[in-house]
>>> print(open('target-v8.txt').read())   # compact mmCIF, C-alpha atoms
# COMPACT_ATOMS: atom_id res chain seq x y z
CA MET Z 11 16.94 -17.82 23.33
CA ASN Z 12 20.71 -18.09 23.73
CA TRP Z 13 23.54 -20.28 22.53
CA ASN Z 14 23.45 -22.41 25.70
CA ASP Z 15 20.25 -23.96 24.35
CA LEU Z 16 22.46 -25.97 22.00
CA LYS Z 17 23.90 -27.87 24.99
CA ASN Z 18 20.72 -29.48 26.18
CA TRP Z 19 17.92 -30.46 23.82
CA ALA Z 20 15.78 -31.62 26.74
CA ASP Z 21 15.82 -28.15 28.30
CA TYR Z 22 14.81 -26.58 25.01
CA TRP Z 23 12.00 -29.09 24.48
CA GLU Z 24 10.71 -28.30 27.95
CA GLN Z 25 10.79 -24.58 27.12
CA LEU Z 26 8.76 -25.12 23.95
CA ARG Z 27 6.40 -27.53 25.73
CA THR Z 28 5.74 -24.98 28.45
CA ALA Z 29 5.14 -22.24 25.89
CA LEU Z 30 2.57 -24.43 24.12
CA LEU Z 31 0.88 -25.54 27.34
CA GLU Z 32 0.69 -22.16 29.06
CA PRO Z 33 1.96 -19.30 26.90
CA LYS Z 34 3.43 -16.71 29.27
CA VAL Z 35 2.74 -13.59 27.28
CA ASP Z 36 0.92 -10.39 27.99
CA PRO Z 37 -2.26 -10.35 25.81
CA ALA Z 38 -1.73 -6.68 24.91
CA LEU Z 39 1.87 -7.31 23.88
CA LEU Z 40 0.86 -10.38 21.88
CA GLU Z 41 -1.85 -8.41 20.08
CA ALA Z 42 0.67 -5.68 19.28
CA SER Z 43 3.04 -8.31 17.86
CA LEU Z 44 0.22 -9.81 15.79
CA ARG Z 45 -0.68 -6.41 14.36
CA GLU Z 46 2.93 -5.85 13.35
CA ALA Z 47 3.11 -9.37 11.93
CA ARG Z 48 0.00 -8.82 9.82
CA ALA Z 49 1.56 -5.61 8.51
CA LYS Z 50 4.49 -7.74 7.33
CA MET Z 51 2.17 -10.34 5.78
CA PRO Z 52 -1.02 -8.42 4.88
CA VAL Z 53 -4.16 -10.37 4.09
CA PRO Z 54 -4.83 -10.18 0.34
CA VAL Z 55 -8.12 -8.64 -0.75
CA LEU Z 56 -10.37 -9.93 -3.51
CA TRP Z 57 -12.69 -7.04 -4.30
CA LEU Z 58 -16.07 -8.33 -5.53
CA LEU Z 59 -18.11 -5.89 -7.59
CA GLY Z 60 -21.58 -6.62 -8.88
CA LYS Z 61 -25.28 -6.02 -8.50
CA THR Z 62 -27.30 -7.61 -5.72
CA GLN Z 63 -28.07 -11.29 -6.45
CA SER Z 64 -25.34 -11.47 -9.09
CA GLY Z 65 -23.68 -14.45 -7.39
CA LYS Z 66 -20.92 -12.89 -5.28
CA THR Z 67 -21.74 -14.91 -2.17
CA SER Z 68 -21.88 -18.10 -4.26
CA ILE Z 69 -18.34 -17.40 -5.45
CA ILE Z 70 -17.09 -16.94 -1.88
CA ARG Z 71 -18.84 -20.14 -0.81
CA ALA Z 72 -17.36 -22.13 -3.71
CA LEU Z 73 -13.82 -20.82 -3.17
CA THR Z 74 -13.80 -21.33 0.60
CA GLY Z 75 -16.23 -24.21 1.12
CA SER Z 76 -17.87 -22.09 3.81
CA PRO Z 77 -21.69 -22.42 4.17
CA ALA Z 78 -23.70 -19.55 2.73
CA ALA Z 79 -25.29 -18.84 6.12
CA GLN Z 80 -21.89 -18.54 7.76
CA ILE Z 81 -20.75 -16.10 5.08
CA GLY Z 82 -23.88 -13.99 5.54
CA ASN Z 83 -23.30 -13.80 9.29
CA GLY Z 84 -19.58 -13.13 8.87
CA PHE Z 85 -19.63 -9.91 6.87
CA GLN Z 86 -18.45 -6.77 8.64
CA PRO Z 87 -18.87 -3.15 7.45
CA CYS Z 88 -15.71 -1.38 6.32
CA THR Z 89 -16.88 1.60 4.26
CA ARG Z 90 -20.20 3.38 3.80
CA SER Z 91 -21.16 1.11 0.91
CA SER Z 92 -19.09 -2.03 1.39
CA ARG Z 93 -18.41 -4.84 3.81
CA PHE Z 94 -15.68 -7.44 4.19
CA TYR Z 95 -15.55 -11.15 4.96
CA ASP Z 96 -12.35 -12.61 6.41
CA PHE Z 97 -11.72 -16.31 5.92
CA PRO Z 98 -10.99 -18.08 8.17
CA ALA Z 99 -12.27 -15.48 10.62
CA GLU Z 100 -9.68 -15.90 13.39
CA MET Z 101 -6.50 -16.01 11.30
CA PRO Z 102 -7.57 -15.12 7.74
CA VAL Z 103 -5.94 -16.31 4.57
CA VAL Z 104 -7.99 -14.00 2.36
CA ARG Z 105 -10.39 -11.07 2.68
CA PHE Z 106 -13.36 -10.63 0.38
CA LEU Z 107 -14.59 -7.06 -0.06
CA ASP Z 108 -18.20 -6.89 -1.23
CA THR Z 109 -19.68 -3.71 -2.66
CA ARG Z 110 -23.38 -3.62 -1.82
CA GLY Z 111 -26.24 -2.07 -3.76
CA LEU Z 112 -24.29 -1.54 -6.98
CA GLY Z 113 -26.72 -0.26 -9.58
CA GLU Z 114 -29.52 0.29 -7.09
CA VAL Z 115 -28.32 3.60 -5.63
CA ALA Z 116 -25.88 6.29 -6.66
CA TYR Z 117 -22.50 4.71 -6.05
CA ASP Z 118 -19.14 6.44 -5.88
CA PRO Z 119 -16.28 3.88 -5.80
CA GLY Z 120 -13.89 6.44 -4.30
CA ASP Z 121 -14.18 5.21 -0.70
CA ASP Z 122 -13.70 1.60 -1.71
CA MET Z 123 -10.79 2.41 -3.99
CA HIS Z 124 -9.14 4.27 -1.13
CA TYR Z 125 -9.66 1.23 1.11
CA CYS Z 126 -8.18 -1.09 -1.50
CA GLU Z 127 -5.37 1.16 -2.74
CA ALA Z 128 -2.65 -0.57 -0.76
CA GLN Z 129 -4.09 -4.07 -0.42
CA ALA Z 130 -6.35 -5.16 -3.29
CA HIS Z 131 -4.72 -8.04 -5.13
CA LEU Z 132 -7.52 -8.79 -7.54
CA LEU Z 133 -10.65 -7.01 -8.76
CA VAL Z 134 -13.49 -9.47 -9.44
CA ALA Z 135 -16.56 -8.22 -11.31
CA VAL Z 136 -19.61 -10.49 -11.15
CA MET Z 137 -22.41 -10.26 -13.71
CA LYS Z 138 -25.46 -12.48 -14.08
CA VAL Z 139 -25.47 -13.36 -17.76
CA ALA Z 140 -29.27 -13.04 -18.11
CA ASP Z 141 -29.21 -9.49 -16.72
CA VAL Z 142 -28.72 -7.10 -19.61
CA HIS Z 143 -28.72 -4.02 -17.35
CA GLN Z 144 -25.04 -3.87 -16.39
CA ALA Z 145 -24.35 -0.18 -17.08
CA ALA Z 146 -23.70 0.55 -13.40
CA VAL Z 147 -21.08 -2.22 -13.24
CA PHE Z 148 -19.48 -1.07 -16.49
CA ASP Z 149 -19.25 2.53 -15.25
CA VAL Z 150 -17.55 1.51 -11.99
CA LEU Z 151 -15.07 -0.76 -13.81
CA HIS Z 152 -14.16 2.08 -16.17
CA ALA Z 153 -13.64 4.46 -13.24
CA ILE Z 154 -11.45 1.99 -11.34
CA ARG Z 155 -9.31 1.05 -14.31
CA ARG Z 156 -8.77 4.68 -15.27
CA ARG Z 157 -7.39 5.31 -11.80
CA HIS Z 158 -5.62 1.94 -11.47
CA PRO Z 159 -4.71 0.68 -14.95
CA GLU Z 160 -2.29 -1.76 -13.31
CA TRP Z 161 -4.98 -3.72 -11.45
CA PRO Z 162 -5.75 -7.12 -12.99
CA LEU Z 163 -9.43 -7.81 -13.54
CA LEU Z 164 -11.40 -11.05 -13.42
CA ILE Z 165 -14.96 -10.94 -14.76
CA VAL Z 166 -17.21 -13.83 -13.74
CA GLN Z 167 -20.42 -14.42 -15.69
CA THR Z 168 -22.92 -16.31 -13.55
CA GLY Z 169 -26.38 -17.91 -13.69
CA LEU Z 170 -25.73 -19.76 -16.94
CA HIS Z 171 -28.62 -22.18 -16.39
CA GLU Z 172 -31.14 -19.34 -16.60
CA LEU Z 173 -30.57 -19.26 -20.36
CA TYR Z 174 -30.50 -23.02 -20.95
CA PRO Z 175 -33.18 -24.42 -23.26
CA ASP Z 176 -35.77 -26.65 -21.58
CA GLY Z 177 -34.29 -29.99 -20.61
CA CYS Z 178 -30.68 -28.83 -21.10
CA GLY Z 179 -28.08 -29.32 -18.40
CA HIS Z 180 -24.48 -28.20 -18.03
CA ILE Z 181 -22.35 -28.74 -21.12
CA GLN Z 182 -19.46 -31.14 -20.56
CA PRO Z 183 -16.62 -30.62 -20.81
CA TRP Z 184 -16.79 -26.97 -19.70
CA PRO Z 185 -16.38 -25.06 -23.03
CA TYR Z 186 -16.22 -21.41 -21.97
CA ALA Z 187 -12.45 -20.90 -22.17
CA ALA Z 188 -12.55 -21.05 -25.97
CA ASP Z 189 -12.46 -17.87 -28.05
CA PRO Z 190 -14.67 -17.56 -29.98
CA LEU Z 191 -17.26 -19.30 -27.86
CA PRO Z 192 -18.13 -22.67 -29.47
CA GLU Z 193 -21.49 -23.41 -31.05
CA THR Z 194 -22.08 -26.20 -28.54
CA ILE Z 195 -23.18 -23.43 -26.16
CA PRO Z 196 -26.93 -22.70 -26.61
CA LEU Z 197 -27.48 -19.73 -28.92
CA ASP Z 198 -29.24 -17.38 -26.46
CA LEU Z 199 -26.62 -18.05 -23.80
CA ARG Z 200 -23.76 -17.61 -26.24
CA ARG Z 201 -25.15 -14.27 -27.45
CA ALA Z 202 -25.64 -12.98 -23.90
CA LEU Z 203 -22.13 -13.99 -22.88
CA GLN Z 204 -20.62 -12.34 -25.94
CA ALA Z 205 -22.66 -9.16 -25.54
CA GLN Z 206 -21.25 -8.54 -22.05
CA ARG Z 207 -17.72 -9.26 -23.27
CA ASP Z 208 -18.08 -6.94 -26.26
CA ALA Z 209 -19.35 -4.14 -24.00
CA LEU Z 210 -16.02 -4.07 -22.15
CA LYS Z 211 -13.64 -4.45 -25.07
CA LEU Z 212 -12.50 -0.82 -24.71
CA LEU Z 213 -11.91 -1.01 -20.95
CA PRO Z 214 -9.03 1.27 -19.85
CA GLY Z 215 -5.85 -0.13 -18.35
CA PHE Z 216 -2.99 -2.37 -19.37
CA ALA Z 217 -3.28 -5.16 -16.76
CA PRO Z 218 -4.79 -8.43 -17.98
CA VAL Z 219 -8.54 -9.07 -18.05
CA ARG Z 220 -9.88 -12.63 -17.77
CA TRP Z 221 -13.44 -13.80 -18.38
CA VAL Z 222 -14.88 -16.91 -16.71
CA ALA Z 223 -18.37 -18.37 -17.03
CA ALA Z 224 -19.56 -20.30 -13.99
CA ASP Z 225 -22.76 -21.71 -12.52
CA LEU Z 226 -22.21 -22.13 -8.77
CA THR Z 227 -25.34 -23.54 -7.17
CA LEU Z 228 -26.32 -25.57 -4.10
CA PRO Z 229 -26.68 -29.37 -4.30
CA GLU Z 230 -30.40 -29.07 -3.54
CA ASP Z 231 -30.86 -26.95 -6.66
CA GLY Z 232 -30.54 -30.14 -8.70
CA LEU Z 233 -27.90 -28.95 -11.18
CA THR Z 234 -24.95 -31.31 -11.61
CA PRO Z 235 -22.22 -30.50 -10.84
CA PRO Z 236 -23.12 -27.68 -8.43
CA ASP Z 237 -19.65 -26.16 -8.79
CA TYR Z 238 -19.74 -25.90 -12.57
CA GLY Z 239 -16.87 -23.71 -13.75
CA LEU Z 240 -15.07 -23.63 -10.39
CA LYS Z 241 -11.92 -25.17 -11.87
CA GLY Z 242 -11.81 -22.47 -14.54
CA LEU Z 243 -12.40 -19.82 -11.88
CA TRP Z 244 -9.46 -21.06 -9.83
CA GLN Z 245 -7.24 -21.21 -12.91
CA ALA Z 246 -8.06 -17.59 -13.69
CA ILE Z 247 -7.36 -16.45 -10.12
CA GLU Z 248 -4.04 -18.28 -10.03
CA SER Z 249 -3.04 -16.81 -13.42
CA LEU Z 250 -3.78 -13.24 -12.29
CA THR Z 251 -2.13 -13.45 -8.84
CA SER Z 252 0.99 -15.02 -7.38
CA LEU Z 253 -0.47 -15.84 -3.96
CA GLY Z 254 -1.10 -19.57 -4.20
CA LEU Z 255 -4.58 -19.09 -2.73
CA GLN Z 256 -6.02 -22.29 -4.14
CA HIS Z 257 -3.69 -24.49 -2.12
CA GLN Z 258 -4.09 -22.34 0.99
CA LEU Z 259 -7.89 -22.63 0.84
CA SER Z 260 -8.34 -26.09 -0.66
CA GLY Z 261 -5.32 -28.10 0.46
CA ASP Z 262 -4.09 -31.10 -1.47
CA ARG Z 263 -6.26 -32.26 -4.33
CA GLU Z 264 -6.74 -35.66 -2.77
CA VAL Z 265 -8.12 -34.20 0.44
CA GLN Z 266 -11.90 -34.60 0.32
CA ASP Z 267 -12.61 -34.91 4.04
CA LEU Z 268 -14.45 -31.82 5.33
CA TYR Z 269 -12.55 -31.93 8.63
CA ALA Z 270 -9.19 -32.03 6.83
CA ARG Z 271 -10.10 -29.18 4.45
CA THR Z 272 -11.35 -26.95 7.27
CA ALA Z 273 -8.29 -27.78 9.35
CA HIS Z 274 -6.01 -26.98 6.42
CA GLN Z 275 -7.56 -23.52 6.05
CA HIS Z 276 -6.96 -22.82 9.75
CA ILE Z 277 -3.38 -24.08 9.50
CA ALA Z 278 -2.67 -21.87 6.48
CA GLY Z 279 -4.00 -18.80 8.31
CA TYR Z 280 -1.98 -19.42 11.46
CA ALA Z 281 1.14 -20.27 9.44
CA LEU Z 282 0.89 -16.93 7.62
CA VAL Z 283 0.61 -15.04 10.92
CA ALA Z 284 3.60 -16.97 12.28
CA ALA Z 285 5.50 -16.10 9.11
CA GLY Z 286 4.71 -12.45 9.78
CA LEU Z 287 6.09 -12.81 13.29
CA GLY Z 288 9.19 -14.48 11.90
CA ALA Z 289 9.76 -11.56 9.53
CA LEU Z 290 9.99 -9.07 12.40
CA PRO Z 291 13.45 -7.72 13.33
CA VAL Z 292 13.41 -9.67 16.59
CA VAL Z 293 11.59 -12.98 16.62
CA ASP Z 294 9.70 -13.53 19.86
CA LEU Z 295 9.67 -17.28 20.40
CA VAL Z 296 6.93 -16.96 23.00
CA ALA Z 297 4.70 -15.06 20.55
CA VAL Z 298 5.25 -17.67 17.83
CA SER Z 299 4.56 -20.44 20.34
CA ALA Z 300 1.42 -18.63 21.51
CA VAL Z 301 0.14 -18.59 17.92
CA GLN Z 302 0.94 -22.28 17.61
CA ALA Z 303 -0.86 -23.01 20.88
CA LYS Z 304 -3.96 -21.19 19.58
CA LEU Z 305 -3.79 -23.22 16.38
CA LEU Z 306 -3.61 -26.52 18.24
CA HIS Z 307 -6.51 -25.49 20.44
CA SER Z 308 -8.66 -24.58 17.43
CA LEU Z 309 -7.85 -27.91 15.73
CA ALA Z 310 -8.78 -29.80 18.90
CA LEU Z 311 -12.16 -28.04 18.94
CA LEU Z 312 -12.68 -28.84 15.26
CA TYR Z 313 -12.10 -32.56 15.88
CA GLY Z 314 -14.13 -32.58 19.10
CA GLN Z 315 -11.13 -33.31 21.32
CA HIS Z 316 -10.43 -31.98 24.80
CA TRP Z 317 -7.24 -29.92 24.61
CA ASP Z 318 -6.30 -30.27 28.25
CA ARG Z 319 -2.96 -30.81 29.95
CA SER Z 320 -3.18 -34.58 29.54
CA THR Z 321 -3.87 -34.39 25.79
CA ILE Z 322 -1.18 -31.75 25.23
CA THR Z 323 1.36 -33.82 27.12
CA GLU Z 324 0.44 -36.89 25.08
CA PHE Z 325 0.81 -35.01 21.80
CA LEU Z 326 4.14 -33.45 22.72
CA GLY Z 327 5.40 -36.75 24.07
CA LEU Z 328 4.58 -38.52 20.81
CA ALA Z 329 6.10 -35.67 18.80
CA GLY Z 330 9.36 -36.02 20.69
CA ALA Z 331 12.48 -33.93 20.80
CA GLY Z 332 13.03 -34.46 17.08
CA ILE Z 333 10.52 -31.70 16.36
CA ALA Z 334 12.13 -29.44 18.95
CA SER Z 335 15.61 -29.91 17.51
CA GLY Z 336 14.40 -29.11 13.99
CA TYR Z 337 12.60 -26.03 15.29
CA LEU Z 338 15.68 -24.81 17.15
CA ALA Z 339 18.01 -25.50 14.22
CA ARG Z 340 15.92 -23.31 11.96
CA LEU Z 341 15.79 -20.45 14.46
CA LEU Z 342 19.53 -20.62 15.10
CA SER Z 343 20.30 -20.70 11.38
CA ARG Z 344 18.23 -17.59 10.99
CA ALA Z 345 20.12 -15.91 13.86
CA VAL Z 346 23.49 -16.75 12.27
CA THR Z 347 22.33 -15.36 8.92
CA LYS Z 348 21.44 -12.02 10.51
CA PHE Z 349 25.07 -11.42 11.46
CA ILE Z 350 25.98 -11.03 7.77
CA PRO Z 351 25.90 -7.27 7.00
CA VAL Z 352 23.12 -5.91 4.76
CA TRP Z 353 22.34 -9.17 2.93
CA GLY Z 354 21.93 -10.97 6.22
CA GLN Z 355 19.24 -8.59 7.45
CA THR Z 356 17.05 -9.23 4.41
CA ALA Z 357 17.82 -12.93 4.16
CA GLY Z 358 17.38 -13.31 7.88
CA ALA Z 359 13.89 -11.81 7.76
CA LEU Z 360 12.89 -14.05 4.86
CA TRP Z 361 14.37 -17.06 6.62
CA GLY Z 362 12.54 -16.18 9.81
CA ALA Z 363 9.26 -15.82 7.96
CA SER Z 364 9.69 -19.12 6.15
CA SER Z 365 10.93 -20.92 9.26
CA SER Z 366 8.26 -19.69 11.66
CA GLY Z 367 5.49 -20.25 9.14
CA ALA Z 368 6.71 -23.65 7.96
CA THR Z 369 7.13 -25.04 11.47
CA THR Z 370 3.63 -23.83 12.39
CA TYR Z 371 2.25 -25.45 9.23
CA ALA Z 372 4.02 -28.75 9.99
CA LEU Z 373 2.90 -28.73 13.62
CA GLY Z 374 -0.70 -28.27 12.52
CA LYS Z 375 -0.53 -31.09 9.99
CA ALA Z 376 0.95 -33.43 12.60
CA ALA Z 377 -1.87 -32.41 14.93
CA ILE Z 378 -4.48 -33.33 12.29
CA TYR Z 379 -3.16 -36.89 12.27
CA PHE Z 380 -3.15 -36.96 16.06
CA PHE Z 381 -6.70 -35.60 16.46
CA ALA Z 382 -8.19 -37.63 13.61
CA ARG Z 383 -6.84 -40.88 15.06
CA ARG Z 384 -8.13 -40.01 18.51
CA LYS Z 385 -11.54 -39.05 17.11
CA ASP Z 386 -11.82 -42.46 15.47
CA GLY Z 387 -10.61 -44.28 18.60
CA LEU Z 388 -7.37 -45.44 16.98
CA ASN Z 389 -3.83 -45.52 18.32
CA VAL Z 390 -1.43 -42.72 17.36
CA ASP Z 391 1.92 -43.94 16.04
CA ALA Z 392 4.79 -41.71 17.15
CA ASP Z 393 6.97 -42.51 14.13
CA THR Z 394 4.15 -41.66 11.73
CA LEU Z 395 3.45 -38.38 13.52
CA ARG Z 396 7.11 -37.36 13.34
CA ARG Z 397 7.32 -38.39 9.67
CA ILE Z 398 4.28 -36.26 8.87
CA TYR Z 399 5.90 -33.31 10.62
CA ALA Z 400 9.14 -33.74 8.67
CA GLU Z 401 7.34 -34.03 5.31
CA GLU Z 402 5.00 -31.12 5.97
CA LEU Z 403 7.88 -28.89 7.09
CA GLU Z 404 9.12 -28.75 3.51
CA ARG Z 405 5.62 -28.53 2.09
CA GLY Z 406 4.82 -25.66 4.43
CA ALA Z 407 7.81 -23.72 3.15
CA ALA Z 408 6.54 -24.26 -0.41
CA VAL Z 409 3.03 -23.10 0.52
CA LEU Z 410 4.42 -19.91 2.05
CA LYS Z 411 6.73 -19.26 -0.89
CA ASP Z 412 3.87 -18.08 -3.10
CA ARG Z 413 2.57 -15.68 -0.48
CA LEU Z 414 6.06 -14.31 0.27
CA ARG Z 415 6.67 -13.84 -3.45
CA GLY Z 416 3.22 -12.32 -3.97
CA LYS Z 417 3.78 -9.85 -1.10
CA SER Z 418 6.78 -8.41 -2.87
CA THR Z 419 5.20 -8.04 -6.32
>>> encode(input="target-v8.txt", output="structure tokens")
Amino acid sequence: MNWNDLKNWADYWEQLRTALLEPKVDPALLEASLREARAKMPVPVLWLLGKTQSGKTSIIRALTGSPAAQIGNGFQPCTRSSRFYDFPAEMPVVRFLDTRGLGEVAYDPGDDMHYCEAQAHLLVAVMKVADVHQAAVFDVLHAIRRRHPEWPLLIVQTGLHELYPDGCGHIQPWPYAADPLPETIPLDLRRALQAQRDALKLLPGFAPVRWVAADLTLPEDGLTPPDYGLKGLWQAIESLTSLGLQHQLSGDREVQDLYARTAHQHIAGYALVAAGLGALPVVDLVAVSAVQAKLLHSLALLYGQHWDRSTITEFLGLAGAGIASGYLARLLSRAVTKFIPVWGQTAGALWGASSSGATTYALGKAAIYFFARRKDGLNVDADTLRRIYAEELERGAAVLKDRLRGKST
């Protein structure tokens, strides 16, 4: 891109339109750029420790909204004793590391600690409250915290209903944040919860430890609500990290539509990759546009729309040059910033990350409106689409702020 682009918005819009329609980029070079971008914006790791059937997969399902079957098919081996699950798979927002067979075989956490040394953001221990045999979990937690006293720890106690008296359901409101545990909790359950907590009172390390009790079941299990304790779980995660994962995975609170939530997760993943590209010393507009083109294609598939030349042209025509001018203004502002010695290099990289990520986020949100209206057979209003883009541009920058801040802490 050069300064002559300022003279003719139409030429620039055509350049961006062409990049989105048919990205002219060598796949090997694009993949190399993506690897470097992910190094700039690494995927955070939530390391799940616990015995088999302790409820680790239920936690992943509740946090992501992903079906249990999809999670089971999505795990990939990463060490001799562990596997990982990236979500969303194509452009992940978060990686879950699951240690298998804990307590069933001799387990040395050394390999997993080495894997997580540079990337684990949160250690999550999962213990079924009715299972009194947790020595293997306790031993591993002691070993990890002796080596990494600075790692925050979240301990999730699961399967609460297994210790409910006959005819008892979930206690409302959720009472498990209180210390001491209130007497409204059934006696056997309260004693079991407290016994596990007392067993880890002398845990090494100085980083905070949070306890959460949750009962995350499937609707067909008949327990209401099936996501009992999920709000407390999210509050604990957000208090122990600075990544803003809840918004990246769940979207706005008012969004209940499954399509919109799934689309939001894809948009967050692609926006983070674009932010990584923007943080590189030289921003490759074609690479950023290629990522955006992949995002739009994935959203079209999600909403059952044909993402062909006709549909792309319609979308870009409705979006108008207003989006192109905003996109160019941000890139040029970043270029100007980089000319300032020392400070400009750092600020320019942060600006590029925010700009590239925010514009990708806004483009995806505008596309949701476009695809949802088309799916329902309704007209797409150009002014509404552009307004959504403008509003989501600022929101996208706010979403990325937590991840950019978390990356540096």
>>> closest_residue(input="target-v8.txt", among="Z:Leu73, Z:Ile195, Z:Val409, Z:Ala153", to="Arg105 (chain Z)", atoms="only C-alpha atoms")
Z:Leu73
>>> closest_atom_pairs(input="target-v8.txt", of="region 267-324 of chain Z", to="region 98-104 of chain Z", cutoff="12 Å", atoms="all atoms listed in the file", output="CSV")
residue,atom,partner,partner_atom,distance
Z:Arg271,CA,Z:Pro98,CA,11.7
Z:Thr272,CA,Z:Pro98,CA,8.9
Z:Ala273,CA,Z:Pro98,CA,10.1
Z:His274,CA,Z:Pro98,CA,10.3
Z:Gln275,CA,Z:Pro98,CA,6.8
Z:His276,CA,Z:Pro98,CA,6.4
Z:Ile277,CA,Z:Met101,CA,8.8
Z:Ala278,CA,Z:Val103,CA,6.7
Z:Gly279,CA,Z:Met101,CA,4.8
Z:Tyr280,CA,Z:Met101,CA,5.7
Z:Ala281,CA,Z:Met101,CA,8.9
Z:Leu282,CA,Z:Val103,CA,7.5
Z:Val283,CA,Z:Met101,CA,7.2
Z:Ala284,CA,Z:Met101,CA,10.2
Z:Gly286,CA,Z:Met101,CA,11.9
Z:Val301,CA,Z:Met101,CA,9.7
Z:Gln302,CA,Z:Met101,CA,11.6
Z:Lys304,CA,Z:Glu100,CA,10.0
Z:Leu305,CA,Z:Met101,CA,9.2
Z:Ser308,CA,Z:Glu100,CA,9.6
>>> residues_near_point(input="target-v8.txt", point="(-23.2, -11.1, -15.3)", cutoff="6 Å", atoms="only C-alpha atoms", output="ChimeraX atom specification")
/Z:136-139,167-168
>>> atom_distance(input="target-v8.txt", atom1="CA of Phe216 (chain Z)", atom2="CA of Arg156 (chain Z)")
10.0 Å
>>> atom_distance(input="target-v8.txt", atom1="CA of Arg200 (chain Z)", atom2="CA of Gly179 (chain Z)")
14.7 Å
>>> residues_around(input="target-v8.txt", residues="Gln315 (chain Z)", least_positions_apart="6", cutoff="8 Å", atoms="all atoms listed in the file", output="PDB file with C-alpha atoms, keeping the file's coordinate frame")
ATOM      1  CA  PHE Z 381      -6.700 -35.600  16.460  1.00  0.00           C
ATOM      2  CA  ARG Z 384      -8.130 -40.010  18.510  1.00  0.00           C
ATOM      3  CA  LYS Z 385     -11.540 -39.050  17.110  1.00  0.00           C
TER       4      LYS Z 385
END
>>> closest_atom_pairs(input="target-v8.txt", of="region 152-222 of chain Z", to="region 240-248 of chain Z", cutoff="8 Å", atoms="all atoms listed in the file", output="JSON lines")
{"residue": "Z:Leu164", "atom": "CA", "partner": "Z:Ala246", "partner_atom": "CA", "distance": 7.3}
{"residue": "Z:Val166", "atom": "CA", "partner": "Z:Leu243", "partner_atom": "CA", "distance": 7.9}
{"residue": "Z:Ala187", "atom": "CA", "partner": "Z:Gly242", "partner_atom": "CA", "distance": 7.8}
{"residue": "Z:Arg220", "atom": "CA", "partner": "Z:Ala246", "partner_atom": "CA", "distance": 6.7}
{"residue": "Z:Val222", "atom": "CA", "partner": "Z:Leu243", "partner_atom": "CA", "distance": 6.2}
>>> write_last_selection(input="target-v8.txt", atoms="C-alpha atoms", output="CSV table (one decimal), keeping the file's coordinate frame")
chain,number,residue,atom,x,y,z
Z,164,LEU,CA,-11.4,-11.0,-13.4
Z,166,VAL,CA,-17.2,-13.8,-13.7
Z,187,ALA,CA,-12.4,-20.9,-22.2
Z,220,ARG,CA,-9.9,-12.6,-17.8
Z,222,VAL,CA,-14.9,-16.9,-16.7
>>> closest_residue(input="target-v8.txt", among="Z:Val142, Z:Leu151, Z:Ile165, Z:Asp225", to="Ile181 (chain Z)", atoms="only C-alpha atoms")
Z:Asp225
>>> closest_residue(input="target-v8.txt", among="Z:Thr370, Z:Thr234, Z:Thr394, Z:Thr194", to="Ala300 (chain Z)", atoms="all atoms listed in the file")
Z:Thr370
>>> residues_around(input="target-v8.txt", residues="Leu268 (chain Z)", least_positions_apart="6", cutoff="12 Å", atoms="all atoms listed in the file", output="VMD selection string")
chain Z and resid 74 to 77 260 to 261 274 to 275 312 to 313 382
>>> write_last_selection(input="target-v8.txt", atoms="C-alpha atoms", output="mmCIF file, in the coordinates of the input")
data_model
loop_
_atom_site.group_PDB
_atom_site.id
_atom_site.type_symbol
_atom_site.label_atom_id
_atom_site.label_comp_id
_atom_site.auth_asym_id
_atom_site.auth_seq_id
_atom_site.Cartn_x
_atom_site.Cartn_y
_atom_site.Cartn_z
ATOM 1 C CA THR Z 74 -13.800 -21.330 0.600
ATOM 2 C CA GLY Z 75 -16.230 -24.210 1.120
ATOM 3 C CA SER Z 76 -17.870 -22.090 3.810
ATOM 4 C CA PRO Z 77 -21.690 -22.420 4.170
ATOM 5 C CA SER Z 260 -8.340 -26.090 -0.660
ATOM 6 C CA GLY Z 261 -5.320 -28.100 0.460
ATOM 7 C CA HIS Z 274 -6.010 -26.980 6.420
ATOM 8 C CA GLN Z 275 -7.560 -23.520 6.050
ATOM 9 C CA LEU Z 312 -12.680 -28.840 15.260
ATOM 10 C CA TYR Z 313 -12.100 -32.560 15.880
ATOM 11 C CA ALA Z 382 -8.190 -37.630 13.610
#
>>> closest_residue(input="target-v8.txt", among="Z:Pro52, Z:Gly60, Z:Pro218, Z:Gly232", to="Phe148 (chain Z)", atoms="all atoms listed in the file")
Z:Gly60
>>> closest_residue(input="target-v8.txt", among="Z:Ala47, Z:Ala408, Z:Leu132, Z:Ala79", to="Val219 (chain Z)", atoms="only C-alpha atoms")
Z:Leu132
>>> closest_residue(input="target-v8.txt", among="Z:Arg90, Z:Asp149, Z:Asp118, Z:Arg27", to="Gly330 (chain Z)", atoms="all atoms listed in the file")
Z:Arg27
>>> residues_near_point(input="target-v8.txt", point="(-13.0, 2.4, -8.1)", cutoff="9 Å", atoms="all atoms listed in the file", output="PyMOL selection string")
chain Z and resi 118-124+126+150-158
>>> atom_distance(input="target-v8.txt", atom1="CA of Asp391 (chain Z)", atom2="CA of Phe325 (chain Z)")
10.7 Å
>>> residues_around(input="target-v8.txt", residues="Ala407 (chain Z)", least_positions_apart="3", cutoff="8 Å", atoms="all atoms listed in the file", output="JSON, numbers by chain")
{"Z": [364, 365, 367, 368, 403, 404, 410, 411]}
